[in-house]
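S.K.: What follows is structure.cif; its format and atoms are mmCIF, C-alpha atoms.
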```cif
data_coords
#
loop_
_atom_site.label_atom_id
_atom_site.label_comp_id
_atom_site.auth_asym_id
_atom_site.auth_seq_id
_atom_site.Cartn_x
_atom_site.Cartn_y
_atom_site.Cartn_z
CA MET K 1 -12.18 -71.53 -4.87
CA ASN K 2 -14.54 -69.51 -7.06
CA LYS K 3 -14.84 -66.02 -5.63
CA VAL K 4 -16.88 -64.47 -8.45
CA TYR K 5 -20.65 -64.25 -8.01
CA ALA K 6 -23.19 -63.42 -10.69
CA SER K 7 -24.88 -60.69 -8.67
CA ALA K 8 -24.52 -58.70 -5.48
CA ALA K 9 -27.54 -60.48 -4.03
CA GLU K 10 -25.87 -63.86 -4.59
CA ALA K 11 -22.61 -62.63 -3.09
CA MET K 12 -24.50 -61.48 -0.01
CA ALA K 13 -26.61 -64.62 0.35
CA GLY K 14 -26.20 -66.40 3.66
CA LEU K 15 -23.94 -63.71 5.10
CA VAL K 16 -25.95 -60.67 6.15
CA LYS K 17 -27.81 -60.94 9.45
CA ASP K 18 -29.46 -58.54 11.88
CA ASP K 19 -27.24 -56.57 14.28
CA MET K 20 -24.02 -57.04 12.33
CA LEU K 21 -21.13 -54.57 12.27
CA MET K 22 -20.33 -53.73 8.66
CA MET K 23 -17.92 -51.41 6.86
CA ALA K 24 -18.56 -49.56 3.60
CA GLY K 25 -15.80 -47.85 1.65
CA GLY K 26 -16.09 -44.44 0.08
CA PHE K 27 -15.48 -40.78 0.71
CA GLY K 28 -18.40 -38.54 -0.14
CA LEU K 29 -19.80 -40.30 -3.21
CA CYS K 30 -16.39 -41.46 -4.49
CA GLY K 31 -15.51 -45.15 -4.32
CA VAL K 32 -18.80 -46.14 -2.68
CA PRO K 33 -19.90 -49.80 -3.12
CA GLU K 34 -23.41 -48.79 -4.14
CA THR K 35 -24.37 -52.12 -5.69
CA LEU K 36 -23.42 -54.04 -2.57
CA ILE K 37 -25.18 -51.54 -0.32
CA ASP K 38 -28.35 -52.00 -2.37
CA ALA K 39 -28.02 -55.77 -1.85
CA VAL K 40 -27.93 -55.16 1.91
CA ARG K 41 -31.14 -53.19 1.51
CA GLN K 42 -32.74 -56.07 -0.35
CA SER K 43 -31.64 -58.51 2.37
CA GLY K 44 -33.90 -56.76 4.87
CA ALA K 45 -31.29 -57.05 7.64
CA LYS K 46 -31.84 -54.52 10.42
CA GLY K 47 -30.17 -53.22 13.56
CA LEU K 48 -26.94 -52.78 11.60
CA THR K 49 -23.90 -50.81 12.72
CA PHE K 50 -21.96 -49.28 9.84
CA VAL K 51 -18.42 -47.97 9.84
CA SER K 52 -18.06 -45.41 7.08
CA ASN K 53 -16.39 -42.03 6.71
CA ASN K 54 -19.78 -40.56 5.90
CA ALA K 55 -23.26 -41.87 5.31
CA GLY K 56 -23.65 -40.95 1.66
CA VAL K 57 -26.41 -38.50 0.80
CA ASP K 58 -30.17 -38.79 0.67
CA GLY K 59 -31.04 -41.78 -1.50
CA ILE K 60 -27.43 -42.64 -2.43
CA GLY K 61 -24.90 -44.91 -0.74
CA LEU K 62 -25.72 -45.65 2.88
CA GLY K 63 -28.49 -43.08 2.57
CA VAL K 64 -30.73 -45.84 1.17
CA LEU K 65 -30.27 -47.90 4.34
CA LEU K 66 -31.03 -44.90 6.51
CA GLU K 67 -34.25 -44.41 4.56
CA THR K 68 -35.33 -47.98 5.27
CA GLY K 69 -34.34 -47.79 8.94
CA GLN K 70 -31.93 -50.72 8.67
CA ILE K 71 -29.00 -48.88 10.31
CA ARG K 72 -29.06 -48.61 14.11
CA LYS K 73 -25.66 -46.96 14.59
CA MET K 74 -23.04 -45.15 12.53
CA ILE K 75 -19.32 -44.96 13.34
CA SER K 76 -18.27 -42.04 11.18
CA SER K 77 -16.20 -38.94 10.71
CA TYR K 78 -18.47 -36.63 8.70
CA VAL K 79 -22.21 -36.72 8.10
CA GLY K 80 -23.04 -33.16 7.04
CA GLU K 81 -24.42 -33.91 3.56
CA ASN K 82 -27.25 -36.20 4.65
CA LYS K 83 -30.54 -34.66 5.79
CA ILE K 84 -32.08 -38.04 6.60
CA PHE K 85 -29.12 -38.80 8.86
CA ALA K 86 -29.53 -35.50 10.68
CA ASN K 87 -33.25 -36.02 11.20
CA LEU K 88 -32.81 -39.57 12.49
CA TYR K 89 -30.01 -38.57 14.86
CA LEU K 90 -31.77 -35.52 16.25
CA SER K 91 -34.95 -37.53 16.82
CA GLY K 92 -33.05 -40.22 18.74
CA LYS K 93 -33.62 -42.95 16.14
CA LEU K 94 -29.97 -43.32 15.17
CA GLU K 95 -26.85 -43.73 17.31
CA LEU K 96 -23.68 -41.96 16.28
CA GLU K 97 -20.05 -42.48 17.30
CA PHE K 98 -18.02 -39.60 15.93
CA ASN K 99 -14.31 -40.08 15.22
CA PRO K 100 -11.68 -37.64 14.01
CA GLN K 101 -11.06 -38.69 10.41
CA GLY K 102 -7.45 -39.77 10.92
CA THR K 103 -8.43 -41.70 14.04
CA LEU K 104 -11.18 -43.49 12.14
CA ALA K 105 -8.76 -44.45 9.39
CA GLU K 106 -6.22 -45.75 11.92
CA ARG K 107 -8.86 -47.70 13.87
CA ILE K 108 -9.78 -49.52 10.66
CA ARG K 109 -6.15 -50.07 9.66
CA ALA K 110 -5.34 -51.33 13.15
CA GLY K 111 -8.23 -53.80 13.02
CA GLY K 112 -6.96 -55.20 9.75
CA ALA K 113 -3.41 -55.45 11.12
CA GLY K 114 -4.49 -57.32 14.24
CA ILE K 115 -3.75 -54.39 16.55
CA PRO K 116 -6.44 -54.24 19.28
CA ALA K 117 -5.72 -50.66 20.39
CA PHE K 118 -3.36 -47.71 19.98
CA PHE K 119 -2.68 -44.32 21.57
CA THR K 120 -3.06 -40.96 19.84
CA ARG K 121 -2.91 -37.31 20.92
CA THR K 122 -5.92 -36.47 18.76
CA GLY K 123 -8.94 -35.76 20.92
CA VAL K 124 -7.16 -35.43 24.26
CA GLY K 125 -9.01 -32.98 26.49
CA THR K 126 -12.17 -33.08 24.36
CA MET K 127 -15.42 -35.07 24.29
CA VAL K 128 -13.64 -37.58 22.03
CA ALA K 129 -11.61 -38.79 25.03
CA GLU K 130 -14.53 -39.17 27.44
CA GLY K 131 -14.70 -42.67 28.92
CA LYS K 132 -11.41 -43.73 27.32
CA GLU K 133 -8.04 -44.46 28.89
CA VAL K 134 -5.57 -41.57 28.78
CA ARG K 135 -1.90 -42.35 29.33
CA ASP K 136 1.26 -40.24 29.53
CA PHE K 137 4.09 -40.82 27.04
CA HIS K 138 7.19 -38.62 27.20
CA GLY K 139 5.30 -35.92 29.05
CA GLU K 140 2.34 -35.82 26.65
CA ALA K 141 -1.17 -37.18 27.15
CA TYR K 142 -2.49 -39.74 24.68
CA VAL K 143 -5.95 -41.28 24.43
CA MET K 144 -6.46 -44.97 23.70
CA GLU K 145 -8.53 -45.91 20.66
CA THR K 146 -9.56 -49.46 19.77
CA GLY K 147 -9.14 -51.16 16.40
CA LEU K 148 -12.23 -51.96 14.35
CA VAL K 149 -13.04 -55.31 12.75
CA ALA K 150 -16.19 -55.81 10.71
CA ASP K 151 -18.33 -58.91 10.28
CA ILE K 152 -18.54 -57.90 6.61
CA SER K 153 -16.63 -55.25 4.67
CA LEU K 154 -18.08 -53.86 1.43
CA VAL K 155 -15.54 -52.25 -0.91
CA HIS K 156 -15.40 -50.78 -4.40
CA ALA K 157 -12.40 -51.27 -6.70
CA TRP K 158 -11.62 -50.00 -10.17
CA LYS K 159 -10.04 -53.24 -11.36
CA GLY K 160 -9.60 -56.71 -9.94
CA ASP K 161 -8.91 -60.28 -10.97
CA THR K 162 -10.89 -63.40 -10.21
CA GLU K 163 -8.54 -64.20 -7.31
CA GLY K 164 -9.59 -61.01 -5.52
CA ASN K 165 -6.49 -58.89 -6.12
CA LEU K 166 -7.71 -55.30 -6.27
CA VAL K 167 -6.56 -52.04 -7.85
CA TYR K 168 -8.14 -48.71 -6.92
CA ARG K 169 -8.28 -45.56 -9.03
CA LYS K 170 -7.02 -42.28 -7.61
CA THR K 171 -9.20 -40.77 -4.85
CA ALA K 172 -11.71 -43.62 -5.13
CA ARG K 173 -9.14 -45.60 -3.16
CA ASN K 174 -9.88 -43.69 0.10
CA PHE K 175 -11.02 -46.06 2.89
CA ASN K 176 -11.47 -49.13 0.68
CA PRO K 177 -8.04 -50.82 1.13
CA MET K 178 -8.13 -50.50 4.93
CA MET K 179 -11.67 -51.84 5.12
CA ALA K 180 -10.83 -54.72 2.80
CA SER K 181 -8.28 -55.97 5.32
CA ALA K 182 -10.47 -55.30 8.36
CA GLY K 183 -13.41 -57.50 7.43
CA LYS K 184 -13.91 -61.08 8.61
CA VAL K 185 -15.54 -61.43 5.20
CA THR K 186 -14.82 -58.91 2.45
CA ILE K 187 -17.00 -58.50 -0.61
CA ALA K 188 -15.66 -56.38 -3.47
CA GLU K 189 -17.54 -54.85 -6.36
CA VAL K 190 -15.17 -54.41 -9.30
CA GLU K 191 -15.60 -52.24 -12.38
CA HIS K 192 -13.14 -54.16 -14.58
CA LEU K 193 -12.72 -57.89 -13.90
CA VAL K 194 -9.72 -59.67 -15.44
CA GLU K 195 -8.02 -63.03 -15.23
CA PRO K 196 -5.14 -63.79 -12.82
CA GLY K 197 -1.83 -62.55 -14.19
CA GLU K 198 -3.33 -59.64 -16.12
CA LEU K 199 -2.76 -57.12 -13.33
CA ASP K 200 0.64 -55.52 -12.83
CA GLY K 201 1.76 -56.87 -9.48
CA ASP K 202 3.19 -53.46 -8.55
CA HIS K 203 -0.26 -51.91 -8.96
CA ILE K 204 -2.14 -54.31 -6.69
CA VAL K 205 -3.15 -52.57 -3.45
CA THR K 206 -5.31 -55.25 -1.83
CA PRO K 207 -4.01 -58.84 -2.14
CA GLY K 208 -6.66 -61.43 -2.93
CA ILE K 209 -6.17 -63.19 0.41
CA TYR K 210 -8.28 -60.45 2.00
CA VAL K 211 -11.20 -60.82 -0.43
CA GLN K 212 -13.69 -63.68 -0.23
CA ARG K 213 -16.36 -62.66 -2.75
CA ILE K 214 -16.36 -60.55 -5.93
CA VAL K 215 -19.09 -59.01 -8.05
CA HIS K 216 -18.43 -57.55 -11.48
CA VAL K 217 -20.13 -54.14 -11.74
CA PRO K 218 -19.28 -52.63 -15.15
CA ASN K 219 -20.32 -49.08 -16.03
CA ALA K 220 -20.56 -47.99 -12.41
CA LEU K 221 -22.08 -44.54 -12.00
CA LYS K 222 -19.58 -41.72 -11.37
CA ARG K 223 -21.57 -39.43 -9.14
CA ILE K 224 -20.71 -35.82 -8.32
CA GLU K 225 -21.48 -34.72 -4.78
CA GLN K 226 -21.25 -30.97 -5.31
CA ARG K 227 -21.47 -29.98 -8.96
CA THR K 228 -19.64 -26.71 -9.60
CA VAL K 229 -19.67 -25.17 -13.07
CA ARG K 230 -18.85 -21.83 -14.66
CA LYS K 231 -21.52 -19.72 -16.26
CA ARG K 232 -21.27 -19.53 -20.03
CA ALA K 233 -19.68 -16.32 -21.31
#
```
Represent the structure contained in this file as C-alpha cells.

M.R.:
Amino acid sequence: MNKVYASAAEAMAGLVKDDMLMMAGGFGLCGVPETLIDAVRQSGAKGLTFVSNNAGVDGIGLGVLLETGQIRKMISSYVGENKIFANLYLSGKLELEFNPQGTLAERIRAGGAGIPAFFTRTGVGTMVAEGKEVRDFHGEAYVMETGLVADISLVHAWKGDTEGNLVYRKTARNFNPMMASAGKVTIAEVEHLVEPGELDGDHIVTPGIYVQRIVHVPNALKRIEQRTVRKRA
C-alpha cells in the first residue's frame, strides 16, 4: 500500500467533504500542519468543525480557513491570538465549544483509544459542566466528557518513513500524536521522509498503522508566534 502522495492536494483528494469533523495538530504556531490546512482551503469544503487547541493566528494555520468562512465550529482550548476568530464568534458567525486544555487533550486521546467517555473533576460547578452528567465518586463530583473521533486528522511530524511511522521534534509534538490516533483517516505532513528501517524504533511515537496518507514537506517554515528580542547594547 503506497501511502506517499506527491502533494497535499492529492492526499486530500476524494476525502474532504462539507460538514466534516476534522482535527489539526499544533500548539500556537508550533507543529501546525500548514500545508494540509491549505489543501483543505483549496478543496472548498465548508461547514467544517475543527478540533484544535487554538485556531492559529490571522492568515496562518486554521486562520486561513476562518478567513474563507469554511469553518462552522471550533472545539478548542485557547483562541486569544486570532482577531478574525474573535470577530466571527462575537458576530454569531462561528460556533465555539471551549474545553479546559487537559480535558481537550484527554477527549482526543480517549477517542483514539476507543473510550467513548470519561469522568473528570475539571469544570465541576462551572459553565463547562452545564448539560453534562455529573456523578459522585468517593465523595467527589466528576463531570462526564465524551471522547472525540475525527473524520480526518491532519498532523505534522518532523520525520517519518514511507510506512507512516512518525517521529515528532520537541514541543512540536504537542497534540499531533493524540490526533493521529483519533482520526478515521489520518494524513501526515512530514519534514524528513525516509525508508522503512531507517528510524530508530525507540523514537517512533506514532506507529504507521494509524496513518493512511503522507506528504513530504521539506523546509517547513518555523514560525514564531510572539517574537521577543533584546535591544542592542

S.K.: Looking at K:Ile152, K:Val134, K:Leu96, K:Leu90, which one is nearest to Ser77 of chain K, with distances taken over all atoms listed in the file?

M.R.: K:Leu96

S.K.: Any chance you could work out the residue set of the PyMOL selection byres ((chain K and resi 51) around 6) here, as a list in words?

M.R.: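 When the PyMOL selection byres ((chain K and resi 51) around 6) is applied, the selected residues are Met23, Phe50, Ser52 and Ile75 of chain K.
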
S.K.: Measuring atom to atom with only C-alpha atoms, identify which of K:Ala113, K:Ile204, K:Leu88, K:Ala141 is nearest to Ala157 of chain K.

M.R.: K:Ile204

S.K.: So which one's closest to Ala150 of chain K, K:Leu199, K:Ala86, K:Val190, K:Met179? Using all atoms listed in the file, please.

M.R.: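 Answer, going by the shortest atom-to-atom distance: K:Met179.
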
S.K.: Would you kindly return, as a VMD selection string, each protein, DNA or RNA residue with an atom no farther than 6 Å from any atom of Val155 of chain K, considering all atoms listed in the file and excluding same-chain residues fewer than 5 positions away?

M.R.: chain K and resid 25 33 176 188

S.K.: Taking the file as shown, what set of residues would the PyMOL selection byres ((chain K and resi 21) around 10) give back, as a list in words?

M.R.: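 This file gives the following for the PyMOL selection byres ((chain K and resi 21) around 10): Val16, Lys17, Asp18, Asp19, Met20, Met22, Met23, Gly47, Leu48, Thr49, Phe50, Val51, Ile71, Lys73, Met74, Ile75, Leu148, Val149, Ala150, Asp151, Ile152, Ser153 and Gly183 of chain K.
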
S.K.: On this structure, the PyMOL selection byres ((chain K and resi 159-170) around 7) would catch which residues? List them as a PDB file with C-alpha atoms, keeping the file's coordinate frame, sorted by chain and number.

M.R.:
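Final output, selection-v2.pdb:
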```pdb
ATOM      1  CA  LYS K   3     -14.840 -66.020  -5.630  1.00  0.00           C
ATOM      2  CA  VAL K   4     -16.880 -64.470  -8.450  1.00  0.00           C
ATOM      3  CA  ALA K 157     -12.400 -51.270  -6.700  1.00  0.00           C
ATOM      4  CA  TRP K 158     -11.620 -50.000 -10.170  1.00  0.00           C
ATOM      5  CA  THR K 171      -9.200 -40.770  -4.850  1.00  0.00           C
ATOM      6  CA  ALA K 172     -11.710 -43.620  -5.130  1.00  0.00           C
ATOM      7  CA  ARG K 173      -9.140 -45.600  -3.160  1.00  0.00           C
ATOM      8  CA  VAL K 190     -15.170 -54.410  -9.300  1.00  0.00           C
ATOM      9  CA  GLU K 191     -15.600 -52.240 -12.380  1.00  0.00           C
ATOM     10  CA  HIS K 192     -13.140 -54.160 -14.580  1.00  0.00           C
ATOM     11  CA  LEU K 193     -12.720 -57.890 -13.900  1.00  0.00           C
ATOM     12  CA  VAL K 194      -9.720 -59.670 -15.440  1.00  0.00           C
ATOM     13  CA  GLU K 195      -8.020 -63.030 -15.230  1.00  0.00           C
ATOM     14  CA  PRO K 196      -5.140 -63.790 -12.820  1.00  0.00           C
ATOM     15  CA  HIS K 203      -0.260 -51.910  -8.960  1.00  0.00           C
ATOM     16  CA  ILE K 204      -2.140 -54.310  -6.690  1.00  0.00           C
ATOM     17  CA  VAL K 205      -3.150 -52.570  -3.450  1.00  0.00           C
ATOM     18  CA  THR K 206      -5.310 -55.250  -1.830  1.00  0.00           C
ATOM     19  CA  PRO K 207      -4.010 -58.840  -2.140  1.00  0.00           C
ATOM     20  CA  GLY K 208      -6.660 -61.430  -2.930  1.00  0.00           C
ATOM     21  CA  VAL K 211     -11.200 -60.820  -0.430  1.00  0.00           C
ATOM     22  CA  ILE K 214     -16.360 -60.550  -5.930  1.00  0.00           C
TER      23      ILE K 214
END
```

S.K.: Any chance you could model all heavy atoms for segment 210-221 of chain K and send them as a tab-separated table (two decimals), in the frame of the given file?

M.R.:
```tsv
chain	number	residue	atom	x	y	z
K	210	TYR	N	-7.34	-61.19	1.16
K	210	TYR	CA	-8.28	-60.45	2.00
K	210	TYR	C	-9.71	-60.49	1.47
K	210	TYR	O	-10.63	-60.07	2.17
K	210	TYR	CB	-7.85	-58.98	2.12
K	210	TYR	CG	-6.60	-58.77	2.94
K	210	TYR	CD1	-5.43	-58.30	2.34
K	210	TYR	CD2	-6.58	-59.03	4.31
K	210	TYR	CE1	-4.29	-58.08	3.09
K	210	TYR	CE2	-5.43	-58.83	5.06
K	210	TYR	CZ	-4.29	-58.36	4.44
K	210	TYR	OH	-3.16	-58.15	5.18
K	211	VAL	N	-9.89	-60.92	0.23
K	211	VAL	CA	-11.20	-60.82	-0.43
K	211	VAL	C	-11.81	-62.21	-0.62
K	211	VAL	O	-11.19	-63.08	-1.22
K	211	VAL	CB	-11.07	-60.10	-1.79
K	211	VAL	CG1	-12.42	-60.01	-2.49
K	211	VAL	CG2	-10.47	-58.71	-1.60
K	212	GLN	N	-13.03	-62.38	-0.12
K	212	GLN	CA	-13.69	-63.68	-0.23
K	212	GLN	C	-14.71	-63.76	-1.38
K	212	GLN	O	-14.92	-64.83	-1.94
K	212	GLN	CB	-14.42	-64.01	1.09
K	212	GLN	CG	-13.51	-64.45	2.22
K	212	GLN	CD	-12.67	-63.32	2.77
K	212	GLN	OE1	-13.17	-62.23	3.03
K	212	GLN	NE2	-11.37	-63.58	2.94
K	213	ARG	N	-15.33	-62.64	-1.72
K	213	ARG	CA	-16.36	-62.66	-2.75
K	213	ARG	C	-16.22	-61.42	-3.65
K	213	ARG	O	-15.88	-60.35	-3.18
K	213	ARG	CB	-17.76	-62.73	-2.14
K	213	ARG	CG	-17.94	-63.98	-1.27
K	213	ARG	CD	-19.39	-64.18	-0.83
K	213	ARG	NE	-19.52	-65.38	-0.02
K	213	ARG	CZ	-20.68	-65.94	0.31
K	213	ARG	NH1	-21.82	-65.41	-0.10
K	213	ARG	NH2	-20.70	-67.04	1.04
K	214	ILE	N	-16.52	-61.61	-4.94
K	214	ILE	CA	-16.36	-60.55	-5.93
K	214	ILE	C	-17.60	-60.47	-6.80
K	214	ILE	O	-18.19	-61.50	-7.17
K	214	ILE	CB	-15.14	-60.85	-6.84
K	214	ILE	CG1	-13.87	-61.06	-6.02
K	214	ILE	CG2	-14.94	-59.74	-7.87
K	214	ILE	CD1	-12.77	-61.76	-6.79
K	215	VAL	N	-17.99	-59.24	-7.11
K	215	VAL	CA	-19.09	-59.01	-8.05
K	215	VAL	C	-18.59	-58.05	-9.13
K	215	VAL	O	-18.02	-57.01	-8.82
K	215	VAL	CB	-20.32	-58.39	-7.34
K	215	VAL	CG1	-21.45	-58.16	-8.34
K	215	VAL	CG2	-20.78	-59.27	-6.20
K	216	HIS	N	-18.82	-58.43	-10.37
K	216	HIS	CA	-18.43	-57.55	-11.48
K	216	HIS	C	-19.53	-56.52	-11.70
K	216	HIS	O	-20.68	-56.86	-11.97
K	216	HIS	CB	-18.24	-58.39	-12.75
K	216	HIS	CG	-17.71	-57.60	-13.91
K	216	HIS	ND1	-17.87	-58.00	-15.22
K	216	HIS	CD2	-17.01	-56.43	-13.95
K	216	HIS	CE1	-17.31	-57.12	-16.02
K	216	HIS	NE2	-16.78	-56.16	-15.28
K	217	VAL	N	-19.16	-55.24	-11.57
K	217	VAL	CA	-20.13	-54.14	-11.74
K	217	VAL	C	-19.59	-53.18	-12.80
K	217	VAL	O	-19.00	-52.15	-12.48
K	217	VAL	CB	-20.38	-53.40	-10.41
K	217	VAL	CG1	-21.43	-52.31	-10.59
K	217	VAL	CG2	-20.81	-54.37	-9.33
K	218	PRO	N	-19.77	-53.53	-14.10
K	218	PRO	CA	-19.28	-52.63	-15.15
K	218	PRO	C	-20.15	-51.38	-15.25
K	218	PRO	O	-21.30	-51.36	-14.80
K	218	PRO	CB	-19.41	-53.49	-16.41
K	218	PRO	CG	-20.54	-54.43	-16.10
K	218	PRO	CD	-20.45	-54.72	-14.62
K	219	ASN	N	-19.58	-50.33	-15.81
K	219	ASN	CA	-20.32	-49.08	-16.03
K	219	ASN	C	-20.89	-48.49	-14.74
K	219	ASN	O	-22.03	-48.01	-14.71
K	219	ASN	CB	-21.44	-49.29	-17.05
K	219	ASN	CG	-20.93	-49.86	-18.36
K	219	ASN	OD1	-19.94	-49.37	-18.90
K	219	ASN	ND2	-21.58	-50.90	-18.86
K	220	ALA	N	-20.11	-48.56	-13.68
K	220	ALA	CA	-20.56	-47.99	-12.41
K	220	ALA	C	-20.76	-46.48	-12.56
K	220	ALA	O	-20.00	-45.80	-13.25
K	220	ALA	CB	-19.53	-48.27	-11.31
K	221	LEU	N	-21.79	-45.97	-11.92
K	221	LEU	CA	-22.08	-44.54	-12.00
K	221	LEU	C	-20.98	-43.72	-11.32
K	221	LEU	O	-20.51	-44.08	-10.24
K	221	LEU	CB	-23.42	-44.23	-11.34
K	221	LEU	CG	-24.67	-44.73	-12.06
K	221	LEU	CD1	-25.90	-44.47	-11.19
K	221	LEU	CD2	-24.83	-44.06	-13.41
```
